[in-house]
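Student: Below is a structure I'd like to ask you about.
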Amino acid sequence: MALHSIVLALAITGADGGIPELVRQVDVGDRVEKLAALAQLKRVAIDEKLSDSRDAVINLCARLLDSGDVAIAEAACEVLQWLDADVVPAMLIVLQSENDSAQGYAARVVNAVASRGRADVAKLDVAIPHLAKLMDGGEKYGRHHAFYAMSSLGPQSIPHMAEALDAEDHFFSVMMRGFLRHGELSIGSLVKA
């Protein structure tokens, strides 16, 4: 695997073919190749150098969140977390899937993108209704990340957070940070609650 990782790293630093080759490895490679290529794509995403391959990476990684292989889903999630609000349409599809773990990964991605504060809030806020459903009835992992994501989103999240004020103590403190972040906009919903 070490030699293969070195070859992949060299492919990235080479000409235009590097990132498409990594995408190909993630798509058709064996498990070891997929994991190595995803690790390289994460580095490229952190450096914001996905360029023309951005959409292909988003769609492929979003599909892998529902792969059934925890290590591959985790690695794909780590790539997506370093992107911007352009990941949201793909995450909306995953948030509506039947796979609880995949929903949790998608909520985690939305939270990571929103938490960095550079994303277009309006693009992220379309995830609010799906995250609200996950907060209400999702499994533990998805529910956890849905609360964090909701507290990182725009003012449209306030009524949903207010409805969930009876959640466990840990989630209550997460939502309080969201309310504080919105300041005066939170007061009306908190008073009603």
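Chains: A, B, ... in order of the structure tokens. Residues: from 1 per chain. Ligands: from 1, in order shown.
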For Cys61 of chain A, please output as a compact mmCIF listing (two decimals) with N, CA, C and O atoms, in the first residue's frame all residues within 9 Å (counting only C-alpha atoms; exclusion window: fewer than 4 positions along the same chain).
Tutor:
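Written out: result-v9.txt:
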```
# COMPACT_ATOMS: atom_id res chain seq x y z
N VAL A 26 -10.98 5.73 -6.83
CA VAL A 26 -12.06 5.67 -5.83
C VAL A 26 -13.27 4.95 -6.41
O VAL A 26 -13.93 4.17 -5.73
N LEU A 38 -8.90 8.21 -1.55
CA LEU A 38 -9.70 9.14 -0.75
C LEU A 38 -8.82 9.98 0.18
O LEU A 38 -9.07 11.17 0.37
N ALA A 56 -17.45 15.79 -9.78
CA ALA A 56 -17.26 14.34 -9.81
C ALA A 56 -16.90 13.82 -8.42
O ALA A 56 -17.41 12.78 -7.97
N VAL A 57 -16.05 14.54 -7.71
CA VAL A 57 -15.65 14.15 -6.35
C VAL A 57 -16.86 14.22 -5.42
O VAL A 57 -17.09 13.30 -4.63
N LEU A 65 -21.01 7.51 0.94
CA LEU A 65 -21.53 7.63 2.30
C LEU A 65 -22.52 6.51 2.61
O LEU A 65 -22.72 6.14 3.75
N ALA A 73 -16.89 5.00 3.93
CA ALA A 73 -17.85 6.08 4.17
C ALA A 73 -17.21 7.19 4.99
O ALA A 73 -17.39 8.38 4.69
N ALA A 75 -13.99 7.96 5.15
CA ALA A 75 -13.00 8.64 4.31
C ALA A 75 -13.68 9.57 3.32
O ALA A 75 -13.21 10.69 3.07
N ALA A 76 -14.80 9.13 2.75
CA ALA A 76 -15.55 9.99 1.81
C ALA A 76 -16.11 11.20 2.54
O ALA A 76 -16.07 12.33 2.03
N CYS A 77 -16.60 11.01 3.75
CA CYS A 77 -17.12 12.10 4.56
C CYS A 77 -16.01 13.12 4.83
O CYS A 77 -16.24 14.33 4.76
N VAL A 79 -13.48 13.85 2.99
CA VAL A 79 -13.24 14.65 1.79
C VAL A 79 -14.30 15.74 1.67
O VAL A 79 -13.99 16.92 1.50
N LEU A 80 -15.56 15.35 1.79
CA LEU A 80 -16.68 16.29 1.61
C LEU A 80 -16.67 17.41 2.64
O LEU A 80 -17.06 18.53 2.34
```
Student: Do a neighbour search on Gly154 of chain A at 8 Å with only C-alpha atoms, toss out local chain neighbours closer than 5 positions, and write the hits as a PyMOL selection string.
Tutor: chain A and resi 121-122+125+182
Student: Counting only C-alpha atoms, which residue out of A:Ala102, A:Val113, A:Ala146, A:Ala127 sits closest to Ser67 of chain A?
Tutor: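 Smallest distance to Ser67 of chain A is found for A:Ala102.
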Student: Between A:Ile19, A:Ala167, A:Val28, A:Ala71, which is the closest to Arg43 of chain A once you count only C-alpha atoms?
Tutor: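 Answer, going by the shortest atom-to-atom distance: A:Ile19.
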Student: Which of these, A:Asp84, A:Glu163, A:Glu168, A:Asp66, has the shortest distance to Ser97 of chain A once you count only C-alpha atoms?
Tutor: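 Going through A:Asp84, A:Glu163, A:Glu168, A:Asp66 one by one, the smallest distance to Ser97 of chain A is for A:Asp66.
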Student: Could you tell me which of A:Leu64, A:Glu78, A:Asp52, A:Gly188 comes closest to Gln40 of chain A if we count only C-alpha atoms?
Tutor: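 Under the stated criterion, the closest residue is A:Glu78.
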Student: Neighbouring residues of Asp47 of chain A were defined as those with any atom within 12 Å, considering only C-alpha atoms; residues of the same chain fewer than 5 positions away were excluded. Please report them as a list in words.
Tutor: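 Listing them by chain and then by number gives Ile12, Gln40, Leu41, Lys42, Val79, Trp82 and Leu83 of chain A.
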Student: Write out as a PyMOL selection string all residues of segment 9-178 of chain A that DSSP puts in helix (DSSP H, G or I) for this structure's backbone.
Tutor: chain A and resi 9-13+18-28+31-46+51-64+70-80+85-95+100-115+121-125+128-137+140-152+155-163+169-178
